[in-house]
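Q: Next up, upload-v4.tsv (TSV, C-alpha atoms).
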```tsv
chain	number	residue	atom	x	y	z
A	1	MET	CA	-6.99	-17.45	-65.16
A	2	VAL	CA	-7.62	-14.14	-63.46
A	3	PRO	CA	-6.09	-11.09	-65.20
A	4	THR	CA	-3.52	-9.15	-63.19
A	5	SER	CA	-5.48	-5.94	-63.64
A	6	TYR	CA	-8.38	-7.38	-61.61
A	7	TYR	CA	-6.06	-7.82	-58.64
A	8	LEU	CA	-4.70	-4.29	-59.13
A	9	ILE	CA	-8.21	-2.83	-59.24
A	10	LEU	CA	-9.18	-4.69	-56.07
A	11	SER	CA	-5.97	-3.44	-54.45
A	12	ALA	CA	-6.75	0.16	-55.47
A	13	VAL	CA	-10.32	-0.11	-54.15
A	14	LEU	CA	-9.14	-1.50	-50.81
A	15	PHE	CA	-6.51	1.25	-50.56
A	16	GLY	CA	-9.15	3.90	-51.28
A	17	LEU	CA	-11.45	2.47	-48.63
A	18	GLY	CA	-8.50	2.54	-46.24
A	19	VAL	CA	-7.96	6.24	-46.98
A	20	VAL	CA	-11.68	6.94	-46.45
A	21	ALA	CA	-11.63	5.09	-43.12
A	22	PHE	CA	-8.47	6.94	-42.11
A	23	VAL	CA	-10.10	10.33	-42.71
A	24	PHE	CA	-13.56	9.43	-41.40
A	25	LYS	CA	-13.05	7.49	-38.22
A	26	ARG	CA	-12.57	9.35	-34.97
A	27	ASN	CA	-11.40	6.46	-32.81
A	28	VAL	CA	-7.61	6.26	-32.78
A	29	ILE	CA	-7.62	2.43	-32.75
A	30	THR	CA	-9.87	2.29	-35.84
A	31	ILE	CA	-7.64	4.83	-37.60
A	32	PHE	CA	-4.70	2.55	-36.86
A	33	MET	CA	-6.65	-0.41	-38.30
A	34	SER	CA	-7.29	1.52	-41.51
A	35	ILE	CA	-3.52	1.92	-41.91
A	36	GLU	CA	-3.25	-1.87	-41.69
A	37	LEU	CA	-5.95	-2.11	-44.38
A	38	MET	CA	-3.89	0.12	-46.69
A	39	LEU	CA	-0.78	-1.99	-46.06
A	40	ASN	CA	-2.79	-5.10	-46.95
A	41	ALA	CA	-3.93	-3.51	-50.22
A	42	VAL	CA	-0.31	-2.76	-51.15
A	43	ASN	CA	0.67	-6.34	-50.29
A	44	LEU	CA	-1.96	-7.61	-52.71
A	45	ALA	CA	-0.49	-5.50	-55.51
A	46	PHE	CA	3.01	-6.76	-54.67
A	47	VAL	CA	1.97	-10.42	-54.87
A	48	ALA	CA	-0.03	-9.85	-58.07
A	49	PHE	CA	2.97	-8.26	-59.81
A	50	SER	CA	5.31	-10.92	-58.47
A	51	GLN	CA	3.13	-13.71	-59.89
A	52	ALA	CA	2.54	-11.92	-63.19
A	53	ARG	CA	6.27	-11.47	-63.79
A	54	HIS	CA	7.29	-14.84	-62.34
A	55	GLN	CA	9.74	-13.25	-59.95
A	56	SER	CA	9.74	-13.86	-56.22
A	57	ASP	CA	11.04	-10.41	-55.19
A	58	GLY	CA	7.56	-9.10	-54.60
A	59	GLN	CA	6.72	-11.85	-52.14
A	60	VAL	CA	9.92	-11.20	-50.19
A	61	PHE	CA	8.91	-7.53	-50.00
A	62	VAL	CA	5.53	-8.62	-48.66
A	63	LEU	CA	7.28	-10.49	-45.86
A	64	PHE	CA	9.21	-7.34	-44.98
A	65	VAL	CA	6.03	-5.25	-45.07
A	66	ILE	CA	4.35	-7.70	-42.69
A	67	VAL	CA	7.31	-7.57	-40.29
A	68	VAL	CA	7.33	-3.77	-40.33
A	69	ALA	CA	3.55	-3.75	-39.80
A	70	ALA	CA	3.96	-6.01	-36.76
A	71	ALA	CA	6.64	-3.72	-35.29
A	72	GLU	CA	4.47	-0.70	-36.06
A	73	ALA	CA	1.46	-2.28	-34.36
A	74	ALA	CA	3.47	-3.00	-31.21
A	75	VAL	CA	4.86	0.54	-30.89
A	76	GLY	CA	1.68	2.26	-32.09
A	77	LEU	CA	-0.57	0.42	-29.67
A	78	GLY	CA	1.89	1.28	-26.88
A	79	ILE	CA	1.51	4.96	-27.77
A	80	ILE	CA	-2.30	4.56	-27.92
A	81	ILE	CA	-2.37	3.00	-24.44
A	82	LEU	CA	-0.24	5.87	-23.13
A	83	THR	CA	-2.41	8.63	-24.61
A	84	ALA	CA	-5.63	6.90	-23.56
A	85	ARG	CA	-4.32	6.66	-20.03
A	86	ASN	CA	-3.39	10.35	-19.94
A	87	ARG	CA	-6.53	11.76	-21.57
A	88	GLN	CA	-9.25	9.24	-20.64
A	89	SER	CA	-10.43	9.30	-24.27
A	90	LEU	CA	-9.72	7.52	-27.55
A	91	ASN	CA	-11.15	10.30	-29.73
A	92	VAL	CA	-8.44	11.91	-31.85
A	93	GLU	CA	-10.11	15.30	-31.53
A	94	ARG	CA	-9.40	15.29	-27.83
A	95	VAL	CA	-5.70	14.66	-28.43
A	96	ASP	CA	-4.73	18.11	-29.71
A	97	LEU	CA	-1.74	18.94	-27.55
A	98	LEU	CA	1.75	17.47	-27.71
A	99	LYS	CA	2.12	18.21	-24.02
A	100	LEU	CA	1.05	15.35	-21.79
B	1	MET	CA	-16.63	-18.03	-66.27
B	2	THR	CA	-13.81	-20.22	-65.07
B	3	PRO	CA	-13.78	-21.50	-61.49
B	4	GLN	CA	-10.75	-19.31	-60.69
B	5	LEU	CA	-12.59	-16.20	-61.78
B	6	ALA	CA	-15.65	-17.19	-59.73
B	7	ILE	CA	-13.49	-17.75	-56.62
B	8	PHE	CA	-11.76	-14.42	-57.26
B	9	PHE	CA	-15.05	-12.56	-57.38
B	10	VAL	CA	-16.38	-14.21	-54.23
B	11	LEU	CA	-13.21	-13.34	-52.30
B	12	ALA	CA	-13.00	-9.83	-53.78
B	13	VAL	CA	-16.60	-9.06	-52.79
B	14	MET	CA	-15.87	-10.45	-49.32
B	15	ALA	CA	-12.81	-8.18	-48.97
B	16	VAL	CA	-14.62	-5.05	-50.18
B	17	LEU	CA	-17.63	-5.72	-47.95
B	18	GLY	CA	-15.31	-6.24	-45.00
B	19	ALA	CA	-13.57	-2.93	-45.72
B	20	LEU	CA	-16.93	-1.12	-46.02
B	21	SER	CA	-18.04	-2.71	-42.77
B	22	LEU	CA	-14.84	-1.42	-41.15
B	23	ILE	CA	-15.90	2.10	-42.10
B	24	PHE	CA	-19.56	1.87	-41.12
B	25	GLN	CA	-19.34	-0.03	-37.84
B	26	LYS	CA	-19.55	2.26	-34.85
B	27	HIS	CA	-17.85	0.03	-32.32
B	28	PRO	CA	-14.08	-0.56	-32.67
B	29	ILE	CA	-14.37	-4.28	-31.89
B	30	HIS	CA	-16.76	-4.74	-34.84
B	31	SER	CA	-14.32	-2.84	-37.05
B	32	ALA	CA	-11.53	-5.16	-35.91
B	33	LEU	CA	-13.61	-8.26	-36.77
B	34	SER	CA	-14.37	-6.77	-40.22
B	35	LEU	CA	-10.65	-6.24	-40.78
B	36	ILE	CA	-10.06	-9.91	-39.95
B	37	VAL	CA	-12.59	-10.83	-42.67
B	38	VAL	CA	-10.63	-8.67	-45.16
B	39	MET	CA	-7.38	-10.38	-44.19
B	40	ILE	CA	-8.79	-13.89	-44.51
B	41	ALA	CA	-10.19	-12.99	-47.96
B	42	LEU	CA	-6.79	-11.65	-49.01
B	43	ALA	CA	-5.15	-14.87	-47.81
B	44	GLY	CA	-7.57	-16.76	-50.04
B	45	LEU	CA	-6.57	-14.54	-52.96
B	46	TYR	CA	-2.89	-15.27	-52.31
B	47	LEU	CA	-3.69	-18.99	-52.38
B	48	LEU	CA	-5.56	-18.47	-55.66
B	49	MET	CA	-2.47	-16.79	-57.12
B	50	GLY	CA	-0.36	-19.75	-56.01
B	51	SER	CA	1.68	-18.09	-53.27
B	52	GLU	CA	0.97	-20.46	-50.40
B	53	PHE	CA	3.71	-19.14	-48.14
B	54	VAL	CA	2.44	-15.55	-48.19
B	55	ALA	CA	-1.09	-16.83	-47.57
B	56	ALA	CA	0.06	-18.77	-44.51
B	57	VAL	CA	2.06	-15.82	-43.18
B	58	GLN	CA	-0.93	-13.55	-43.78
B	59	ILE	CA	-3.20	-15.73	-41.66
B	60	ILE	CA	-0.68	-16.49	-38.91
B	61	VAL	CA	0.93	-13.05	-38.49
B	62	TYR	CA	-1.82	-10.66	-39.62
B	63	GLY	CA	-4.99	-12.55	-38.78
B	64	GLY	CA	-3.42	-14.12	-35.73
B	65	ALA	CA	-0.81	-11.99	-34.02
B	66	ILE	CA	-1.51	-8.41	-35.09
B	67	MET	CA	-5.30	-8.56	-34.89
B	68	VAL	CA	-5.20	-10.32	-31.53
B	69	LEU	CA	-3.02	-7.43	-30.34
B	70	PHE	CA	-5.63	-4.96	-31.61
B	71	VAL	CA	-8.56	-6.78	-29.98
B	72	PHE	CA	-6.55	-7.07	-26.78
B	73	VAL	CA	-5.90	-3.31	-26.67
B	74	ILE	CA	-9.55	-2.53	-27.48
B	75	MET	CA	-10.65	-4.66	-24.54
B	76	LEU	CA	-7.90	-3.33	-22.28
B	77	LEU	CA	-8.91	0.29	-22.88
B	78	ASN	CA	-12.62	-0.57	-22.76
B	79	ALA	CA	-13.22	1.35	-26.00
B	80	GLY	CA	-16.87	2.26	-26.58
B	81	GLU	CA	-18.74	3.67	-29.54
B	82	GLU	CA	-17.08	6.63	-31.15
B	83	GLU	CA	-18.61	10.08	-30.73
B	84	ARG	CA	-19.27	12.40	-33.68
B	85	THR	CA	-18.57	16.11	-33.49
B	86	ASN	CA	-18.51	19.06	-35.89
B	87	VAL	CA	-14.92	18.33	-36.77
B	88	SER	CA	-16.00	14.84	-37.96
B	89	LYS	CA	-18.38	16.44	-40.49
B	90	LEU	CA	-15.52	18.64	-41.70
B	91	ALA	CA	-13.38	15.52	-42.12
B	92	GLY	CA	-16.15	13.99	-44.24
B	93	ILE	CA	-16.39	17.05	-46.49
B	94	ALA	CA	-12.64	17.11	-47.02
B	95	GLY	CA	-12.13	13.36	-47.07
B	96	ILE	CA	-14.60	12.15	-49.72
B	97	PRO	CA	-13.18	14.29	-52.60
B	98	LEU	CA	-9.66	13.35	-51.51
B	99	ALA	CA	-10.46	9.63	-51.66
B	100	VAL	CA	-12.28	9.99	-55.00
B	101	VAL	CA	-9.35	11.87	-56.57
B	102	LEU	CA	-6.87	9.30	-55.26
B	103	LEU	CA	-8.96	6.41	-56.58
B	104	GLY	CA	-9.30	8.19	-59.94
B	105	PHE	CA	-5.53	8.56	-60.26
B	106	LEU	CA	-5.01	4.89	-59.36
B	107	ALA	CA	-7.67	3.75	-61.85
B	108	ALA	CA	-6.10	5.87	-64.62
B	109	ALA	CA	-2.65	4.47	-63.87
B	110	ILE	CA	-3.95	0.88	-63.98
B	111	ALA	CA	-5.91	1.50	-67.18
B	112	HIS	CA	-2.87	2.97	-68.94
B	113	SER	CA	-0.36	0.34	-67.83
B	114	ASN	CA	0.72	-2.50	-70.08
B	115	GLU	CA	0.01	-5.01	-67.35
B	116	SER	CA	-3.71	-4.95	-68.01
B	117	ALA	CA	-3.11	-6.30	-71.51
B	118	GLN	CA	-1.48	-9.41	-70.07
B	119	ALA	CA	-3.21	-12.73	-70.49
B	120	GLY	CA	-3.37	-13.69	-66.84
B	121	LEU	CA	-1.60	-15.29	-63.95
B	122	GLN	CA	-0.10	-18.73	-64.17
B	123	SER	CA	-0.95	-20.23	-60.83
B	124	GLY	CA	1.04	-23.05	-59.35
B	125	THR	CA	3.86	-22.98	-61.90
B	126	LEU	CA	6.57	-21.80	-59.52
B	127	ALA	CA	8.22	-23.73	-56.73
B	128	ASN	CA	7.31	-20.75	-54.66
B	129	THR	CA	8.29	-21.24	-51.06
B	130	LYS	CA	11.69	-22.66	-51.96
B	131	GLU	CA	12.42	-19.75	-54.27
B	132	ILE	CA	11.33	-17.20	-51.66
B	133	SER	CA	13.56	-18.72	-49.01
B	134	THR	CA	16.57	-18.80	-51.35
B	135	MET	CA	16.00	-15.17	-52.23
B	136	LEU	CA	15.40	-14.14	-48.63
B	137	PHE	CA	18.60	-15.71	-47.33
B	138	LYS	CA	20.83	-14.88	-50.30
B	139	ASP	CA	19.87	-11.62	-51.98
B	140	PHE	CA	18.04	-10.03	-49.07
B	141	VAL	CA	20.13	-11.32	-46.18
B	142	TYR	CA	21.22	-7.85	-44.93
B	143	PRO	CA	17.66	-6.43	-44.88
B	144	PHE	CA	16.62	-9.65	-43.14
B	145	GLU	CA	19.21	-9.15	-40.41
B	146	LEU	CA	18.22	-5.48	-40.09
B	147	THR	CA	14.64	-6.67	-39.57
B	148	SER	CA	15.65	-8.51	-36.40
B	149	PHE	CA	17.18	-5.28	-35.12
B	150	LEU	CA	13.96	-3.43	-35.97
B	151	ILE	CA	11.90	-5.92	-34.00
B	152	LEU	CA	14.26	-5.61	-31.04
B	153	VAL	CA	13.83	-1.82	-31.06
B	154	ALA	CA	10.05	-2.24	-31.37
B	155	ILE	CA	9.96	-4.56	-28.33
B	156	LEU	CA	11.99	-2.09	-26.27
B	157	GLY	CA	9.82	0.80	-27.43
B	158	ALA	CA	6.58	-0.99	-26.58
B	159	ILE	CA	7.85	-1.91	-23.11
B	160	VAL	CA	9.10	1.63	-22.36
B	161	LEU	CA	5.88	3.24	-23.62
B	162	ALA	CA	3.38	0.95	-21.97
B	163	GLN	CA	4.92	0.58	-18.53
B	164	ARG	CA	3.28	2.46	-15.71
B	165	GLU	CA	5.22	5.34	-14.22
B	166	LYS	CA	6.70	4.64	-10.86
B	167	SER	CA	5.46	7.24	-8.44
```
Would you give me this structure, written as structure tokens?
A:
Amino acid sequence: MVPTSYYLILSAVLFGLGVVAFVFKRNVITIFMSIELMLNAVNLAFVAFSQARHQSDGQVFVLFVIVVAAAEAAVGLGIIILTARNRQSLNVERVDLLKL
Amino acid sequence: MTPQLAIFFVLAVMAVLGALSLIFQKHPIHSALSLIVVMIALAGLYLLMGSEFVAAVQIIVYGGAIMVLFVFVIMLLNAGEEERTNVSKLAGIAGIPLAVVLLGFLAAAIAHSNESAQAGLQSGTLANTKEISTMLFKDFVYPFELTSFLILVAILGAIVLAQREKS
């Protein structure tokens, strides 16, 4: 039996690494991937709590999170393609104007 | 050490190493492959906890659909190695303390919660998938229907954003 707190600690560590990647990386696609990493960490905490309390709510929430992440990936990558086409660069420091 | 604990540690180390690799790889495609490693490890952890359905969805939707989309966009845009500038150093100076403080708060919250005193997870005691489906189509049926609307809007948004301008 694995204690619930182990899963929570792993989830916190993955979330922290996601934050670090979000702040550190300069490539807009990698920044987007670090958001997915943070969502995955939260999903782990949801499933751990759901199993610890013997209630399935948490796992249903995980399904919703995955669906929202899929929608987010579709729209976000569309925006990334658009900005990359307009600026010829994926570096976030070169995208500093709202004007196209 | 029980076999479950050993499997947990193997998968946890795999996930953390994958996340570290995501940070330290220079090329976006390597970062994407590291993220896939993290997701597969998390799917293994879900299996270990006894939630088979979430594990399957994790591999099919996250490891399959979403990451294929990412790799596809990386190849489409021909993304190369990222360049470092002075602003990146500034981000490092500001980012490390931020992450440390956040992790400290999370660790304190976990240490003070009552959950950590619990004995452990009972794996495989629930008829999981059946229960999830009952809950999804009974208690959460309105959010579920709203989800379909959300996906429709996302499809329209992606098409409108990514189409080339007619000129």
Q: Taking all atoms listed in the file into account, what are the residues of chain A at most 7 Å from chain B, put as a ChimeraX atom specification?
A: /A:1-5,10,12,14,16-17,19-21,23-24,26-27,30,51-52,56,59-60,70-71,73-75,78-79,81-82
Q: Once 3 Å is added on each side, what are the centre and the three edge lengths, in Å to one decimal, of the axis-aligned box enclosing the listed atoms of segment 10-20 of chain B? Present them as lines of an AutoDock Vina configuration file.
A:
```
center_x = -15.2
center_y = -7.7
center_z = -49.6
size_x = 10.8
size_y = 19.1
size_z = 15.2
```
Q: Which distance in Å separates atom CA of Leu11 of chain B and atom CA of Gly44 of chain B, to one decimal?
A: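 Going from atom CA of Leu11 of chain B over to atom CA of Gly44 of chain B covers 7.0 Å.
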Q: Residues within 9 Å of Leu39 of chain A, please, as a list in words. Count only C-alpha atoms; anything in the same chain fewer than 4 positions from it doesn't count.
A: Phe15, Gly18, Ser34, Ile35, Asn43, Leu44, Val65, Ile66 and Ala69 of chain A
Q: In Å, with one decimal, what is the gap from atom CA of Ala84 of chain A to atom CA of Gly63 of chain B?
A: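 Distance reported for this atom pair: 24.7 Å.
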Q: Enter the distance from atom CA of Val42 of chain A to atom CA of Glu93 of chain A, in Å, rounded to one decimal.
A: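 Between atom CA of Val42 of chain A and atom CA of Glu93 of chain A the gap works out to 28.4 Å.
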Q: Identify which of the residues A:Ile31, A:Ile9, A:Leu77, A:Val47 lies closest to Leu63 of chain A, counting all atoms listed in the file when measuring atom-to-atom distances.
A: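 With all atoms listed in the file as the atom set, the closest residue is A:Val47.
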Q: Which residue gives the smallest distance to Phe72 of chain B among A:Val13, A:Val62, A:Leu8, A:Ile29, with all atoms listed in the file counted?
A: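 Of all the options, A:Ile29 lies closest to Phe72 of chain B.
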